[in-house]
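Novice: Before I ask anything, here is the structure I am working with.
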Amino acid sequence: MSSVPAASRPPVLSSSAGTADSKELGQNRGSFTDRSTHKVLGRPSWESRTAALFPHVAILAAGMRRALGSLAGSCLADRRLWDRLYAQPRGGSPTFDWFFGYEAAQGLLLPLLQSSNAACPLRVLDVGCGTSSLSTGLYTKCPYPVDILGVDFSPVAVAHMNSLLKGSHGHTPLCPRHPASCLHFMQADAQDLGPVVPSGSFQLVLDKGTWDAVARGGLPGAYQLLSECLRVLSPGGALIQFSDEDPDARLPCLEQGSQDCTVTVQELHPFKGLTYFAYLVQSAP
C-alpha cells in the first residue's frame, strides 16, 4: 500500500468510461474490453498495407531498401532509416503519421484525460513520437491541461518537431488549447529512458506504432520498450499502444510483460479500410 497522502498522489486514469453492457469492441470509444479472440484472416503484409495507405512512403522505402537492406527484421530499429524518412519532403504537411493522427485517436484519449480530474496538467509521454500529429494535436486541441513530452531516437524528427513547435521556417508557432498545457520534444531511446525520464513520472504513456517497429528487430527489444514505459508510469497510470496487430498476437505479449497490470483492448473504427486496436496497460493505483 502506498504511503503517499491521497491529496498528493498523481491522478488515476480510469478505463471505465464505457458501460458494462458494451460487449463488442469499439461499441463505446471510452471503454476497454478485457480479452479478445478477434482475429483478422488473410491480412496483407506490413509492406503492402503501408504501400496502400502511403504510396510516397512506399517509394521512399524502396530507395531505403537499396541503401540499407530489406525493411524486414531489424531494419526498422535502425535510426538511419528513420532519419532519412523524416528528412524527406512532406508535400506541404508539417506532420506525418503512421496508422492515423490525433483526430482519429481523440475520441478515446479525451474521456481518459477528462476522468483524471487533475488539479495540475496531466503528464503525458509520447514514445517514438516521430513527426506525428499525436502530441501536437493534444497540445493544440485538448481542452484539458496536459504536460506532454515527445521522445524519439531520431535527431531529425526531434529537430523538425521543435521547429514546428517554435514556428521556425515560416510556420506559425503552436498555441495550446488550454493555457496550462505544455509541449516539449527530446531525443531519447525509448528502450533506455533512464537518462531523461525518472521512474513514476507520467500518468499517461502513448505508443503509436513504436512497439510494432521495435518488435521487427526481435521481441526482446519490444519487451525492453514495454518495461521502460511501465517504469515511468505513476501509480494508476496507463500505457496505450496503438497498433494494427491482432489481439491474438499482442495480448499474450503484453500480459507476459506486465503481469502486475491490467491489460485491455479496444477495436478502433476502421481507417481507410484497415482495422486498428488500442491496447491499454494500466498500473495498480
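Chain labels follow the order of the C-alpha cells: the first chain is A, the next B, and so on; residue numbering restarts at 1 in every chain, and ligands are counted from 1 in their shown order.
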Would you mind listing, for every residue of range 85-124 of chain A within 10 Å of range 235-258 of chain A, the two atoms forming the shortest contact and the distance between them in Å to one decimal, using only C-alpha atoms, sorted by chain and ascending residue number, as JSON lines?
Specialist:
{"residue": "A:Trp98", "atom": "CA", "partner": "A:Ser243", "partner_atom": "CA", "distance": 9.6}
{"residue": "A:Phe99", "atom": "CA", "partner": "A:Ser243", "partner_atom": "CA", "distance": 7.6}
{"residue": "A:Phe100", "atom": "CA", "partner": "A:Phe242", "partner_atom": "CA", "distance": 9.3}
{"residue": "A:Ala105", "atom": "CA", "partner": "A:Phe242", "partner_atom": "CA", "distance": 8.9}
{"residue": "A:Leu109", "atom": "CA", "partner": "A:Ile240", "partner_atom": "CA", "distance": 9.3}
{"residue": "A:Leu112", "atom": "CA", "partner": "A:Ala238", "partner_atom": "CA", "distance": 9.4}
{"residue": "A:Ser116", "atom": "CA", "partner": "A:Gly237", "partner_atom": "CA", "distance": 9.9}
{"residue": "A:Arg123", "atom": "CA", "partner": "A:Gly237", "partner_atom": "CA", "distance": 9.9}
{"residue": "A:Val124", "atom": "CA", "partner": "A:Leu239", "partner_atom": "CA", "distance": 9.8}
Novice: Skipping near chain neighbours, those fewer than 6 positions away, what residues fall within 10 Å of Thr210 in chain A using only C-alpha atoms, listed as a list of chain:residue names?
Specialist: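 Selected residues are A:Leu76, A:Ala77, A:Trp98, A:Asp126, A:Val127, A:Gly128, A:Cys129, A:Gly130, A:Asp152, A:Ala190, A:Ala222, A:Leu225, A:Gln241, A:Phe242, A:Ser243.
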Novice: Would you save the residues of that selection, restricted to C-alpha atoms, as a PDB file, in the first residue's frame?
Specialist:
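The resulting selection.pdb:
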ATOM      1  CA  LEU A  76      13.006  -0.757 -38.589  1.00  0.00           C
ATOM      2  CA  ALA A  77      15.109  -0.400 -35.439  1.00  0.00           C
ATOM      3  CA  TRP A  98       1.782   6.090 -39.345  1.00  0.00           C
ATOM      4  CA  ASP A 126       4.736  10.016 -26.382  1.00  0.00           C
ATOM      5  CA  VAL A 127       7.407   7.363 -27.044  1.00  0.00           C
ATOM      6  CA  GLY A 128       8.750   7.176 -30.586  1.00  0.00           C
ATOM      7  CA  CYS A 129       6.826  10.315 -31.446  1.00  0.00           C
ATOM      8  CA  GLY A 130       8.494  10.813 -34.829  1.00  0.00           C
ATOM      9  CA  ASP A 152      12.333   9.876 -30.432  1.00  0.00           C
ATOM     10  CA  ALA A 190      12.553   4.623 -25.865  1.00  0.00           C
ATOM     11  CA  ALA A 222       9.897  -4.822 -27.631  1.00  0.00           C
ATOM     12  CA  LEU A 225      10.410  -0.889 -24.571  1.00  0.00           C
ATOM     13  CA  GLN A 241      -0.380   1.183 -27.588  1.00  0.00           C
ATOM     14  CA  PHE A 242      -1.993   1.952 -30.931  1.00  0.00           C
ATOM     15  CA  SER A 243      -1.404  -0.807 -33.467  1.00  0.00           C
TER      16      SER A 243
END
Novice: Excluding same-chain residues fewer than 5 positions from Cys182 in chain A, what lies within 7 Å of it counting only C-alpha atoms, as an MDAnalysis selection string?
Specialist: chainID A and resid 139 146:148
Novice: Please identify all polymer residues within 12 Å of Pro179 in chain A, counting only C-alpha atoms, omitting same-chain residues fewer than 5 positions from it, and present them as a ChimeraX atom specification.
Specialist: /A:120-121,139-147
Novice: Using only C-alpha atoms for the distances, tell me which of A:Thr172, A:Gln259, A:Ser135, A:Ser163 is nearest to Leu206 in chain A.
Specialist: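 Among the listed residues, the smallest separation from Leu206 in chain A belongs to A:Ser135.
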Novice: Please identify the strand (DSSP E) residues within range 152-274 of chain A (assignment by DSSP from backbone atoms) and present them as a count of residues only.
Specialist: 31
Novice: DSSP on the backbone, then: every residue of range 163-269 of chain A marked helix (DSSP H, G or I), written as a ChimeraX atom specification.
Specialist: /A:163-166,210-215,219-231,247-257
Novice: Quick one: distance from CA of Gln282 in chain A to CA of Gly101 in chain A in Å, one decimal?
Specialist: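 Interatomic distance here is 22.6 Å.
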Novice: At a cut-off of 10 Å, using only C-alpha atoms, what residues contact Glu103 in chain A? Leave out same-chain residues fewer than 3 positions from it and give the result as a list in words.
Specialist: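 With the cut-off at 10 Å, the set is Phe100, Gln106, Gly107, Ser133, Leu134, Gly137, Leu138 and Lys141 of chain A.
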Novice: Write out, as a short mmCIF file (atom, residue, chain, number, x, y, z; two decimals), in the first residue's frame, the residues just selected, with N, CA, C and O atoms.
Specialist:
data_model
loop_
_atom_site.label_atom_id
_atom_site.label_comp_id
_atom_site.auth_asym_id
_atom_site.auth_seq_id
_atom_site.Cartn_x
_atom_site.Cartn_y
_atom_site.Cartn_z
N PHE A 100 -2.57 6.56 -38.15
CA PHE A 100 -3.53 7.66 -38.13
C PHE A 100 -2.98 8.73 -37.20
O PHE A 100 -1.99 8.52 -36.50
N GLN A 106 -8.57 10.98 -30.75
CA GLN A 106 -9.06 11.86 -29.70
C GLN A 106 -10.31 11.34 -29.02
O GLN A 106 -10.53 11.57 -27.82
N GLY A 107 -11.15 10.60 -29.74
CA GLY A 107 -12.35 10.07 -29.13
C GLY A 107 -12.07 9.08 -28.01
O GLY A 107 -12.89 8.90 -27.11
N SER A 133 1.29 13.81 -35.54
CA SER A 133 0.42 14.87 -35.03
C SER A 133 -0.19 14.53 -33.68
O SER A 133 -0.98 15.30 -33.15
N LEU A 134 0.18 13.38 -33.10
CA LEU A 134 -0.43 12.95 -31.85
C LEU A 134 -0.14 13.94 -30.72
O LEU A 134 -1.05 14.41 -30.04
N GLY A 137 -1.40 17.54 -31.65
CA GLY A 137 -2.85 17.60 -31.59
C GLY A 137 -3.35 17.71 -30.16
O GLY A 137 -4.26 18.49 -29.86
N LEU A 138 -2.76 16.92 -29.26
CA LEU A 138 -3.13 17.02 -27.84
C LEU A 138 -2.86 18.41 -27.31
O LEU A 138 -3.66 18.98 -26.57
N LYS A 141 -5.35 21.03 -29.23
CA LYS A 141 -6.78 20.78 -29.33
C LYS A 141 -7.41 20.18 -28.07
O LYS A 141 -8.65 20.16 -27.96
#
Novice: Which residue, A:Val281, A:Gln191, A:Cys175, A:Asp207, has the smallest gap to Pro220 in chain A when you use only C-alpha atoms?
Specialist: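 Ranking A:Val281, A:Gln191, A:Cys175, A:Asp207 by distance to Pro220 in chain A, first place goes to A:Gln191.
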Novice: Choose the residue, out of A:Ala213, A:Gln88, A:Ser93, A:Leu108, that has the smallest atom-to-atom separation from Gln266 in chain A; count only C-alpha atoms.
Specialist: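 So, comparing all the options, the nearest one is A:Leu108.
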Novice: Kindly give the distance, in Å, that separates CA of Leu274 in chain A and CA of Asp97 in chain A, rounded to a single decimal.
Specialist: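 CA of Leu274 in chain A sits 14.7 Å away from CA of Asp97 in chain A.
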Novice: If I take CA of Leu164 in chain A and CA of Thr95 in chain A, how far is one from the other in Å, to one decimal?
Specialist: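 Computing the Euclidean distance for CA of Leu164 in chain A and CA of Thr95 in chain A yields 8.9 Å.
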Novice: Of the residues A:Gly217, A:Ser154, A:Arg231, A:Met161, which is the one nearest to Pro173 in chain A, using only C-alpha atoms?
Specialist: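 Using only C-alpha atoms, the shortest distance to Pro173 in chain A belongs to A:Met161.
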Novice: Go through A:Gln187, A:Ser199, A:Ser181, A:Thr136 and flag the residue nearest Cys229 in chain A, using only C-alpha atoms for the distances.
Specialist: A:Ser199
